[in-house]
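Raw protein-v3.pdb, PDB, C-alpha atoms:
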ATOM      1  CA  ARG A   1       0.000   0.000   0.000
ATOM      2  CA  GLU A   2       2.865   2.348   0.839
ATOM      3  CA  ARG A   3       4.477   1.700  -2.549
ATOM      4  CA  ILE A   4       1.213   2.444  -4.361
ATOM      5  CA  ARG A   5       0.911   5.733  -2.455
ATOM      6  CA  LEU A   6       4.476   6.695  -3.388
ATOM      7  CA  GLU A   7       3.934   5.735  -7.033
ATOM      8  CA  GLU A   8       0.709   7.766  -7.218
ATOM      9  CA  ARG A   9       2.455  10.770  -5.681
ATOM     10  CA  ALA A  10       5.325  10.423  -8.177
ATOM     11  CA  THR A  11       2.869  10.190 -11.089
ATOM     12  CA  LEU A  12       1.012  13.322 -10.005
ATOM     13  CA  GLU A  13       4.294  15.151  -9.487
ATOM     14  CA  ARG A  14       5.500  14.088 -12.955
ATOM     15  CA  GLN A  15       2.267  15.248 -14.595
ATOM     16  CA  LYS A  16       2.495  18.626 -12.864
ATOM     17  CA  ARG A  17       6.122  19.030 -13.903
ATOM     18  CA  ASP A  18       5.296  18.085 -17.496
ATOM     19  CA  ARG A  19       2.926  21.046 -17.640
ATOM     20  CA  ASP A  20       5.322  23.420 -15.889
ATOM     21  CA  LYS A  21       8.761  22.510 -17.210
ATOM     22  CA  LYS A  22       8.662  23.909 -20.723
ATOM     23  CA  GLY A  23      11.452  26.441 -21.049
ATOM     24  CA  ILE A  24      12.994  25.527 -17.686
ATOM     25  CA  ALA A  25      16.667  24.556 -17.444
ATOM     26  CA  GLY A  26      16.843  20.781 -17.385
ATOM     27  CA  GLY A  27      13.381  20.410 -18.889
ATOM     28  CA  LYS A  28      14.156  18.614 -22.143
ATOM     29  CA  ARG A  29      12.794  15.097 -22.748
ATOM     30  CA  LEU A  30      15.036  12.041 -23.009
ATOM     31  CA  SER A  31      14.857   9.895 -26.134
ATOM     32  CA  ASP A  32      13.998   6.210 -25.779
ATOM     33  CA  SER A  33      17.628   5.190 -26.253
ATOM     34  CA  GLU A  34      18.773   7.673 -23.589
ATOM     35  CA  TRP A  35      16.105   6.343 -21.193
ATOM     36  CA  ASP A  36      17.343   2.812 -21.856
ATOM     37  CA  LYS A  37      20.940   3.871 -21.169
ATOM     38  CA  LEU A  38      19.976   5.626 -17.920
ATOM     39  CA  GLU A  39      17.937   2.663 -16.695
ATOM     40  CA  GLN A  40      20.778   0.301 -17.584
ATOM     41  CA  LEU A  41      23.264   2.456 -15.656
ATOM     42  CA  LEU A  42      20.961   2.511 -12.616
ATOM     43  CA  ARG A  43      20.474  -1.267 -12.758
ATOM     44  CA  MET A  44      24.193  -1.986 -13.126
ATOM     45  CA  ILE A  45      25.547   0.571 -10.649
ATOM     46  CA  ARG A  46      27.500  -0.822  -7.711
ATOM     47  CA  GLY A  47      29.383   0.817  -4.906
ATOM     48  CA  THR A  48      32.536   0.986  -7.025
ATOM     49  CA  ARG A  49      34.020   4.258  -8.169
ATOM     50  CA  SER A  50      33.930   3.251 -11.825
ATOM     51  CA  THR A  51      30.182   2.472 -11.973
ATOM     52  CA  VAL A  52      29.218   5.556  -9.983
ATOM     53  CA  LEU A  53      31.520   7.673 -12.142
ATOM     54  CA  GLU A  54      30.054   6.295 -15.369
ATOM     55  CA  ALA A  55      26.504   7.084 -14.233
ATOM     56  CA  MET A  56      27.496  10.530 -12.952
ATOM     57  CA  VAL A  57      29.214  11.406 -16.247
ATOM     58  CA  PHE A  58      26.074  10.374 -18.135
ATOM     59  CA  CYS A  59      23.961  12.609 -15.893
ATOM     60  CA  LEU A  60      26.278  15.608 -16.140
ATOM     61  CA  ASP A  61      26.561  15.178 -19.912
ATOM     62  CA  HIS A  62      22.756  15.321 -20.040
ATOM     63  CA  CYS A  63      22.096  18.316 -17.760
ATOM     64  CA  ASP A  64      19.424  19.594 -20.117
ATOM     65  CA  TRP A  65      17.383  16.527 -19.143
ATOM     66  CA  ALA A  66      17.915  16.983 -15.381
ATOM     67  CA  ILE A  67      14.232  16.884 -14.474
ATOM     68  CA  GLU A  68      13.581  13.504 -16.070
ATOM     69  CA  ILE A  69      16.900  12.047 -14.920
ATOM     70  CA  THR A  70      16.246  13.170 -11.347
ATOM     71  CA  GLU A  71      12.745  11.679 -11.429
ATOM     72  CA  CYS A  72      14.118   8.374 -12.708
ATOM     73  CA  ILE A  73      16.828   8.252 -10.035
ATOM     74  CA  ALA A  74      14.350   9.220  -7.312
ATOM     75  CA  GLU A  75      11.926   6.507  -8.420
ATOM     76  CA  SER A  76      14.746   3.955  -8.498
ATOM     77  CA  LEU A  77      15.629   4.892  -4.913
ATOM     78  CA  THR A  78      12.073   4.342  -3.660
ATOM     79  CA  ILE A  79      11.463   0.817  -4.943
ATOM     80  CA  LEU A  80      10.771  -1.269  -1.852
ATOM     81  CA  GLU A  81      12.174  -4.503  -3.291
ATOM     82  CA  THR A  82      15.590  -3.016  -4.119
ATOM     83  CA  ASP A  83      18.451  -4.411  -2.043
ATOM     84  CA  TRP A  84      20.348  -2.054   0.265
ATOM     85  CA  PRO A  85      23.687  -2.247  -1.598
ATOM     86  CA  LEU A  86      22.006  -1.098  -4.821
ATOM     87  CA  LYS A  87      20.113   1.682  -3.021
ATOM     88  CA  MET A  88      23.333   2.857  -1.380
ATOM     89  CA  ALA A  89      25.170   2.888  -4.737
ATOM     90  CA  ARG A  90      22.366   4.963  -6.253
ATOM     91  CA  LEU A  91      22.500   7.325  -3.301
ATOM     92  CA  MET A  92      26.260   7.664  -3.852
ATOM     93  CA  LEU A  93      25.389   8.729  -7.408
ATOM     94  CA  VAL A  94      23.030  11.418  -6.066
ATOM     95  CA  SER A  95      25.747  12.636  -3.709
ATOM     96  CA  ASP A  96      28.280  12.871  -6.548
ATOM     97  CA  ILE A  97      25.832  14.636  -8.859
ATOM     98  CA  LEU A  98      25.028  17.181  -6.151
ATOM     99  CA  HIS A  99      28.726  17.665  -5.449
ATOM    100  CA  ASN A 100      29.227  18.552  -9.123
ATOM    101  CA  THR A 101      26.253  20.880  -9.589
ATOM    102  CA  ALA A 102      28.579  23.873  -9.363
ATOM    103  CA  SER A 103      30.593  22.616 -12.333
ATOM    104  CA  SER A 104      30.920  24.607 -15.524
ATOM    105  CA  ARG A 105      28.369  22.375 -17.252
ATOM    106  CA  PRO A 106      25.409  24.431 -18.444
ATOM    107  CA  ALA A 107      22.302  23.677 -16.386
ATOM    108  CA  ALA A 108      24.157  21.350 -13.972
ATOM    109  CA  TRP A 109      22.630  23.396 -11.156
ATOM    110  CA  ALA A 110      19.205  22.121 -12.249
ATOM    111  CA  TYR A 111      20.024  18.818 -10.539
ATOM    112  CA  ARG A 112      20.287  20.591  -7.179
ATOM    113  CA  ARG A 113      16.906  22.216  -7.703
ATOM    114  CA  GLU A 114      15.298  18.902  -8.642
ATOM    115  CA  PHE A 115      16.926  16.799  -5.918
ATOM    116  CA  GLU A 116      15.914  19.379  -3.297
ATOM    117  CA  ARG A 117      12.338  18.575  -4.263
ATOM    118  CA  SER A 118      12.717  14.792  -4.228
ATOM    119  CA  LEU A 119      15.179  14.123  -1.382
ATOM    120  CA  PRO A 120      12.587  14.457   1.403
ATOM    121  CA  ASP A 121      10.498  11.699  -0.232
ATOM    122  CA  ILE A 122      13.592   9.570  -0.787
ATOM    123  CA  PHE A 123      14.652   9.872   2.834
ATOM    124  CA  GLU A 124      11.113   9.222   4.043
ATOM    125  CA  HIS A 125      11.258   5.991   2.037
ATOM    126  CA  PHE A 126      14.671   5.121   3.528
ATOM    127  CA  HIS A 127      13.324   5.772   7.020
ATOM    128  CA  ILE A 128      10.383   3.450   6.361
ATOM    129  CA  CYS A 129      12.680   0.763   4.961
ATOM    130  CA  VAL A 130      15.104   0.956   7.883
ATOM    131  CA  SER A 131      12.261   0.830  10.416
ATOM    132  CA  ARG A 132      10.773  -2.212   8.634
ATOM    133  CA  GLU A 133      14.120  -3.979   8.357
ATOM    134  CA  GLU A 134      13.782  -7.326  10.087
ATOM    135  CA  SER A 135      17.475  -7.575  10.741
ATOM    136  CA  ARG A 136      18.595  -4.971  13.257
ATOM    137  CA  LEU A 137      22.138  -5.790  12.204
ATOM    138  CA  GLN A 138      21.362  -4.826   8.592
ATOM    139  CA  ALA A 139      19.701  -1.576   9.705
ATOM    140  CA  ASP A 140      22.723  -0.788  11.885
ATOM    141  CA  LYS A 141      24.972  -1.239   8.842
ATOM    142  CA  VAL A 142      22.886   1.075   6.647
ATOM    143  CA  LEU A 143      22.629   4.081   8.977
ATOM    144  CA  PRO A 144      26.396   4.789   9.245
ATOM    145  CA  ARG A 145      26.737   4.469   5.467
ATOM    146  CA  LEU A 146      24.007   7.086   5.050
ATOM    147  CA  GLU A 147      25.834   9.385   7.446
ATOM    148  CA  ASN A 148      29.067   8.984   5.451
ATOM    149  CA  LEU A 149      27.506  10.409   2.295
ATOM    150  CA  GLY A 150      28.475  13.975   3.049
ATOM    151  CA  GLY A 151      25.559  16.343   3.521
ATOM    152  CA  LEU A 152      23.008  13.720   2.483
ATOM    153  CA  GLY A 153      23.316  11.890   5.798
ATOM    154  CA  ALA A 154      22.775  15.095   7.747
ATOM    155  CA  LEU A 155      19.749  15.908   5.600
ATOM    156  CA  CYS A 156      18.380  12.414   6.186
ATOM    157  CA  ALA A 157      18.797  12.793   9.953
ATOM    158  CA  SER A 158      17.119  16.200   9.935
ATOM    159  CA  VAL A 159      14.173  14.941   7.897
ATOM    160  CA  HIS A 160      13.712  11.776   9.985
ATOM    161  CA  PRO A 161      15.600  11.832  13.260
ATOM    162  CA  GLY A 162      16.019   8.379  14.731
ATOM    163  CA  PRO A 163      15.234   7.342  18.286
ATOM    164  CA  ARG A 164      17.614   8.728  20.857
ATOM    165  CA  GLY A 165      19.220   6.517  23.422
ATOM    166  CA  GLY A 166      19.317   7.641  26.964
TER     167      GLY A 166
END
Since I need it in another form, could you write the structure as structure tokens?
Amino acid sequence: RERIRLEERATLERQKRDRDKKGIAGGKRLSDSEWDKLEQLLRMIRGTRSTVLEAMVFCLDHCDWAIEITECIAESLTILETDWPLKMARLMLVSDILHNTASSRPAAWAYRREFERSLPDIFEHFHICVSREESRLQADKVLPRLENLGGLGALCASVHPGPRGG
């Protein structure tokens, strides 16, 4: 039920953006072959530098499509069935993209704008997944990795603070 709610929210958000994004930096539409390439990169990404780098280069080379790319990455991060290592690799990609939004690439900053909109939903999903995790050991492994992702971990903690020991 939670997944259906998130998918419906994403669909409504996408429809609203489709109406509003004409003429906005990052608002171009990906071709079918570019969609296929992006989805392949997101499926094949691992926590290695080379796979994250390859996906990040694709994203930065396609800054004019930042809205659609961000939506695709955000949706890939909120699939309940996705294993933690794949989610963490995709989150590393987000961190690297955000780190490079100040680059000289035209419209690279559009990624920051778009991820600022979607990160609260992504971290809400992560919070739900961690709280549902049957293995406390697995959840305890995920939280420090989130915190190590630069400012993303701090944002995650501010959006959904965990229980405090005492």
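Candidate residues A:Ala10, A:Asp61, A:Glu68, A:Glu81 were compared for distance to Ile122 of chain A, and the nearest is A:Ala10, using all atoms listed in the file.
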Could you tell me, as a PyMOL selection string, which residues have any atom at most 10 Å from (21.0, -2.7, -5.8), counting all atoms listed in the file? chain A and resi 42-47+76-77+81-90
What would the file look like if the residues just selected were written as a CSV table (one decimal), in the frame of the given file with C-alpha atoms?
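Contents of out.csv, freshly written:
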chain,number,residue,atom,x,y,z
A,42,LEU,CA,21.0,2.5,-12.6
A,43,ARG,CA,20.5,-1.3,-12.8
A,44,MET,CA,24.2,-2.0,-13.1
A,45,ILE,CA,25.5,0.6,-10.6
A,46,ARG,CA,27.5,-0.8,-7.7
A,47,GLY,CA,29.4,0.8,-4.9
A,76,SER,CA,14.7,4.0,-8.5
A,77,LEU,CA,15.6,4.9,-4.9
A,81,GLU,CA,12.2,-4.5,-3.3
A,82,THR,CA,15.6,-3.0,-4.1
A,83,ASP,CA,18.5,-4.4,-2.0
A,84,TRP,CA,20.3,-2.1,0.3
A,85,PRO,CA,23.7,-2.2,-1.6
A,86,LEU,CA,22.0,-1.1,-4.8
A,87,LYS,CA,20.1,1.7,-3.0
A,88,MET,CA,23.3,2.9,-1.4
A,89,ALA,CA,25.2,2.9,-4.7
A,90,ARG,CA,22.4,5.0,-6.3
Using only the atoms of segment 55-64 of chain A listed in the file, plus 4 Å on each side, state the axis-aligned box centre and edge lengths in Å rounded to one decimal, as JSON.
{"center_x": 24.3, "center_y": 13.3, "center_z": -16.5, "size_x": 17.8, "size_y": 20.5, "size_z": 15.2}
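You can rank A:Ala102, A:Cys72, A:Met92, A:Leu80 by their closest distance to His127 of chain A using only C-alpha atoms, and at the top of that list sits A:Leu80.
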Report, in Å with one decimal, the straight-line distance from atom CA of Ser50 of chain A to atom CA of Gly26 of chain A.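 We find that atom CA of Ser50 of chain A and atom CA of Gly26 of chain A lie 25.1 Å from each other.
Residue selection for this entry, given the PyMOL selection byres ((chain A and resi 103-116) around 8), comprises Ala25, Gly26, Leu60, Asp61, Cys63, Asp64, Ala66, Ile67, Thr70, Ile97, Leu98, Asn100, Thr101, Ala102, Arg117, Ser118, Leu119 and Pro120 of chain A.
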What does the structure give for the distance between atom CA of Arg132 of chain A and atom CA of Leu91 of chain A, in Å to one decimal?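 So the two atoms, atom CA of Arg132 of chain A and atom CA of Leu91 of chain A, lie 19.3 Å apart.
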Neighbour list for Asp121 of chain A as a PDB file with C-alpha atoms, in the coordinates of the input, cut-off 9 Å, all atoms listed in the file, skip fewer than 3 positions in-chain:
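Contents of result_24.pdb, as written:
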ATOM      1  CA  LEU A   6       4.476   6.695  -3.388  1.00  0.00           C
ATOM      2  CA  ALA A  74      14.350   9.220  -7.312  1.00  0.00           C
ATOM      3  CA  THR A  78      12.073   4.342  -3.660  1.00  0.00           C
ATOM      4  CA  ARG A 117      12.338  18.575  -4.263  1.00  0.00           C
ATOM      5  CA  SER A 118      12.717  14.792  -4.228  1.00  0.00           C
ATOM      6  CA  GLU A 124      11.113   9.222   4.043  1.00  0.00           C
ATOM      7  CA  HIS A 125      11.258   5.991   2.037  1.00  0.00           C
ATOM      8  CA  PHE A 126      14.671   5.121   3.528  1.00  0.00           C
TER       9      PHE A 126
END
Name the residues, using the chain letters and numbers of the file, that sit within 8 Å of (26.1, 6.1, -14.5) when counting all atoms listed in the file, and give them as a ChimeraX atom specification. /A:38,41-42,45,51-59,93
To one decimal in Å, tell me the separation between atom CA of Trp65 of chain A and atom CA of Gly27 of chain A.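 Separation of atom CA of Trp65 of chain A and atom CA of Gly27 of chain A: 5.6 Å.
Among the candidates A:Ser33, A:Ile73, A:Glu13, A:Ser131, the residue lying nearest to Ser95 of chain A is A:Ile73 (atoms considered: only C-alpha atoms).
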Residue with the minimum atom-to-atom distance to Glu39 of chain A, picked from A:Thr11, A:His62, A:Asp96, A:Ile69 with all atoms listed in the file counted, is A:Ile69
